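The file model_20.csv comes next; it holds CSV, C-alpha atoms.
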```
chain,number,residue,atom,x,y,z
A,17,MET,CA,29.6,-19.0,-49.4
A,18,ASP,CA,32.7,-18.4,-47.4
A,19,LYS,CA,33.1,-19.8,-43.8
A,20,LYS,CA,33.4,-16.3,-42.2
A,21,LEU,CA,30.2,-15.1,-43.8
A,22,LYS,CA,28.3,-18.2,-42.7
A,23,CYS,CA,29.6,-17.7,-39.2
A,24,LEU,CA,28.6,-14.0,-39.2
A,25,ILE,CA,25.1,-14.9,-40.4
A,26,GLY,CA,24.8,-17.6,-37.7
A,27,ILE,CA,25.8,-15.1,-35.0
A,28,ILE,CA,23.3,-12.5,-36.3
A,29,VAL,CA,20.5,-15.2,-36.3
A,30,VAL,CA,21.3,-16.2,-32.7
A,31,VAL,CA,21.3,-12.5,-31.6
A,32,ILE,CA,17.9,-11.9,-33.3
A,33,ILE,CA,16.4,-15.0,-31.6
A,34,LEU,CA,17.7,-13.9,-28.2
A,35,MET,CA,16.2,-10.5,-28.7
A,36,ILE,CA,12.8,-12.0,-29.7
A,37,VAL,CA,12.8,-14.2,-26.6
A,38,ALA,CA,13.7,-11.3,-24.3
A,39,VAL,CA,10.9,-9.1,-25.7
A,40,ALA,CA,8.4,-12.0,-25.5
A,41,THR,CA,9.2,-12.8,-21.8
A,42,SER,CA,9.0,-9.2,-20.6
A,43,ASP,CA,5.6,-7.6,-20.1
A,44,GLY,CA,6.7,-4.0,-19.8
A,45,ASN,CA,4.8,-3.4,-16.5
A,46,SER,CA,6.4,-1.0,-14.1
A,47,ASN,CA,5.7,-3.4,-11.2
A,48,ASN,CA,7.9,-6.0,-12.9
A,49,GLY,CA,5.0,-8.1,-14.0
A,50,ASN,CA,3.8,-8.5,-10.5
A,51,ASN,CA,0.1,-8.4,-11.2
A,52,GLU,CA,-0.5,-12.1,-10.7
A,53,GLY,CA,-2.0,-13.5,-7.6
A,54,THR,CA,-3.8,-11.5,-5.0
A,55,GLN,CA,-3.0,-7.9,-4.0
A,56,ILE,CA,-4.4,-5.2,-1.7
A,57,LYS,CA,-4.2,-1.6,-2.9
A,58,VAL,CA,-4.7,1.3,-0.6
A,59,ILE,CA,-5.3,4.7,-2.4
A,60,TYR,CA,-5.0,7.7,-0.1
A,61,ASP,CA,-2.9,10.9,0.0
A,62,GLY,CA,-2.3,10.8,3.8
A,63,SER,CA,-1.2,8.2,6.4
A,64,TRP,CA,-3.2,5.1,7.0
A,65,SER,CA,-3.1,1.8,9.0
A,66,GLY,CA,-4.9,-1.4,8.8
A,67,ALA,CA,-4.9,-5.2,8.8
A,68,LEU,CA,-4.7,-8.0,6.3
A,69,SER,CA,-6.0,-11.5,6.9
A,70,THR,CA,-6.0,-14.6,4.7
A,71,GLY,CA,-7.9,-17.8,4.5
A,72,ASP,CA,-5.0,-19.8,6.0
A,73,GLY,CA,-5.4,-17.9,9.3
A,74,SER,CA,-2.5,-15.5,9.0
A,75,SER,CA,-2.9,-11.8,9.6
A,76,LYS,CA,-0.6,-8.8,9.7
A,77,THR,CA,-0.6,-5.1,10.2
A,78,ILE,CA,-0.4,-2.9,7.1
A,79,GLU,CA,0.4,0.8,7.2
A,80,GLY,CA,1.7,3.5,4.9
A,81,THR,CA,1.5,7.0,3.6
A,82,GLY,CA,0.1,7.6,0.2
A,83,ASN,CA,-0.8,4.9,-2.3
A,84,GLU,CA,0.5,1.4,-1.8
A,85,THR,CA,0.1,-2.1,-3.3
A,86,ILE,CA,0.6,-5.0,-1.0
A,87,ASN,CA,1.3,-8.5,-2.4
A,88,VAL,CA,-0.7,-11.1,-0.6
A,89,THR,CA,0.5,-14.1,-2.5
A,90,ASN,CA,1.5,-15.4,-5.9
A,91,ASN,CA,-1.5,-17.8,-5.8
A,92,THR,CA,-5.1,-16.8,-5.6
A,93,LEU,CA,-6.5,-17.6,-2.2
A,94,ASP,CA,-10.0,-18.6,-1.3
A,95,MET,CA,-10.5,-15.8,1.3
A,96,VAL,CA,-8.7,-12.5,1.8
A,97,SER,CA,-9.9,-9.6,3.9
A,98,ALA,CA,-8.3,-6.2,4.6
A,99,ASN,CA,-9.1,-2.8,6.1
A,100,ALA,CA,-7.4,0.5,6.2
A,101,GLN,CA,-8.1,3.5,8.5
A,102,LYS,CA,-7.2,7.1,8.0
A,103,MET,CA,-4.7,8.1,10.6
A,104,ASP,CA,-4.4,11.8,9.9
A,105,GLY,CA,-8.1,12.9,10.3
A,106,GLY,CA,-8.2,14.1,6.7
A,107,SER,CA,-11.4,14.5,4.7
A,108,GLY,CA,-10.1,13.1,1.4
A,109,GLU,CA,-11.2,9.7,0.1
A,110,LEU,CA,-9.4,6.6,1.3
A,111,LYS,CA,-10.0,3.7,-1.0
A,112,ILE,CA,-9.0,0.0,-0.6
A,113,GLN,CA,-9.1,-2.5,-3.4
A,114,LEU,CA,-8.8,-6.3,-3.5
A,115,LEU,CA,-7.2,-7.4,-6.8
A,116,LYS,CA,-6.8,-10.8,-8.3
A,117,ASN,CA,-4.5,-11.2,-11.2
A,118,GLY,CA,-4.5,-7.4,-11.7
A,119,GLU,CA,-8.3,-7.1,-11.8
A,120,VAL,CA,-10.3,-5.3,-9.1
A,121,LYS,CA,-12.6,-7.8,-7.4
A,122,LYS,CA,-13.8,-5.7,-4.5
A,123,GLU,CA,-13.4,-2.1,-3.3
A,124,SER,CA,-14.5,0.2,-0.6
A,125,SER,CA,-13.9,3.8,0.3
A,126,THR,CA,-14.5,6.4,3.0
A,127,THR,CA,-14.3,10.2,3.3
A,128,ALA,CA,-15.0,10.4,7.0
A,129,GLN,CA,-12.3,11.7,9.3
A,130,TYR,CA,-10.5,8.6,10.7
A,131,GLY,CA,-12.8,6.6,8.6
A,132,ILE,CA,-12.3,2.8,7.8
A,133,ALA,CA,-12.7,1.0,4.5
A,134,ASP,CA,-12.6,-2.7,4.2
A,135,VAL,CA,-12.8,-5.5,1.6
A,136,ALA,CA,-13.2,-9.2,1.7
A,137,ALA,CA,-13.5,-11.9,-1.0
```
Since I need it in another form, could you write the structure as C-alpha cells?
Amino acid sequence: MDKKLKCLIGIIVVVIILMIVAVATSDGNSNNGNNEGTQIKVIYDGSWSGALSTGDGSSKTIEGTGNETINVTNNTLDMVSANAQKMDGGSGELKIQLLKNGEVKKESSTTAQYGIADVAA
C-alpha cells in the first residue's frame, strides 16, 4: 500500500472516531442536557411571582410570564421548597413542579384567581 493511501485511511479513521465521540457526548436535549440536579418548573400562561428556598438557608424571589424552568443547582439537595402565585388574576391553571434529574418529584397547582401553588421535598 502506498504512503498517501495509508495517510488518507488514517485521516478518515480519525474523523470517524471524532464523530462517534461527538455524538456519544451530546444528548440532543433542547436545554443543552441541563436536566441534572434540581429544578423548579412553573407552568402558567400569565404572569407569576414566588420564592425559592434551599436547605442551605438561601432563598430568592422568582418571577416570570409563561412557562419557566429554574435551575436550583447541579447537585441534588436535601431540601428545596418553592411557591408561585398568579399575578394577573387569571382563572387558568398555574402548576409548579420540583424536578430532580429531570424527573417530577412533587407538583402542585391552583386555578384560583391570584392563587398560590407550592412544592417542597
Which one of A:Gly62, A:Gly26, A:Gly131, A:Gly73 sits closest to A:Met95 if you count all atoms listed in the file?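 Once distances to A:Met95 are computed over all atoms listed in the file, the minimum belongs to A:Gly73.
Distance annotation: of A:Met35, A:Cys23, A:Ala137, A:Ile132, the residue with the minimal separation from A:Asp94 is A:Ala137; atom set is only C-alpha atoms.
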Please return, as a ChimeraX atom specification, all polymer residues that have at least one atom within 9 Å of the point (-11.2, 6.5, 0.1); use only C-alpha atoms and the file's own coordinate frame. /A:58-60,102,108-112,124-128,131-133
Write to file, as a PDB file, in the frame of the given file, the residues of the selection just made, with C-alpha atoms.
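In the end it all went to again-v6.pdb:
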```pdb
ATOM      1  CA  VAL A  58      -4.700   1.300  -0.600  1.00  0.00           C
ATOM      2  CA  ILE A  59      -5.300   4.700  -2.400  1.00  0.00           C
ATOM      3  CA  TYR A  60      -5.000   7.700  -0.100  1.00  0.00           C
ATOM      4  CA  LYS A 102      -7.200   7.100   8.000  1.00  0.00           C
ATOM      5  CA  GLY A 108     -10.100  13.100   1.400  1.00  0.00           C
ATOM      6  CA  GLU A 109     -11.200   9.700   0.100  1.00  0.00           C
ATOM      7  CA  LEU A 110      -9.400   6.600   1.300  1.00  0.00           C
ATOM      8  CA  LYS A 111     -10.000   3.700  -1.000  1.00  0.00           C
ATOM      9  CA  ILE A 112      -9.000   0.000  -0.600  1.00  0.00           C
ATOM     10  CA  SER A 124     -14.500   0.200  -0.600  1.00  0.00           C
ATOM     11  CA  SER A 125     -13.900   3.800   0.300  1.00  0.00           C
ATOM     12  CA  THR A 126     -14.500   6.400   3.000  1.00  0.00           C
ATOM     13  CA  THR A 127     -14.300  10.200   3.300  1.00  0.00           C
ATOM     14  CA  ALA A 128     -15.000  10.400   7.000  1.00  0.00           C
ATOM     15  CA  GLY A 131     -12.800   6.600   8.600  1.00  0.00           C
ATOM     16  CA  ILE A 132     -12.300   2.800   7.800  1.00  0.00           C
ATOM     17  CA  ALA A 133     -12.700   1.000   4.500  1.00  0.00           C
TER      18      ALA A 133
END
```
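The interatomic distance for the pair atom CA of A:Lys121 and atom CA of A:Ala98 works out to 12.8 Å.
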How many Å separate atom CA of A:Lys19 from atom CA of A:Ile33?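 Taking atom CA of A:Lys19 as the start and atom CA of A:Ile33 as the end point, the length is 21.2 Å.
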Which residues are near A:Thr70? Cut-off 7 Å, only C-alpha atoms, ignore same chain within fewer than 4 positions. Put them as a VMD selection string. chain A and resid 74 to 75 95 to 97
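Straight-line separation from atom CA of A:Gly118 to atom CA of A:Gln55: 7.9 Å.
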Taking only C-alpha atoms into account, name the residue in A:Ile56, A:Gly82, A:Gly71, A:Trp64 that is nearest to A:Gln129.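 The shortest atom-to-atom distance to A:Gln129 comes from A:Trp64.
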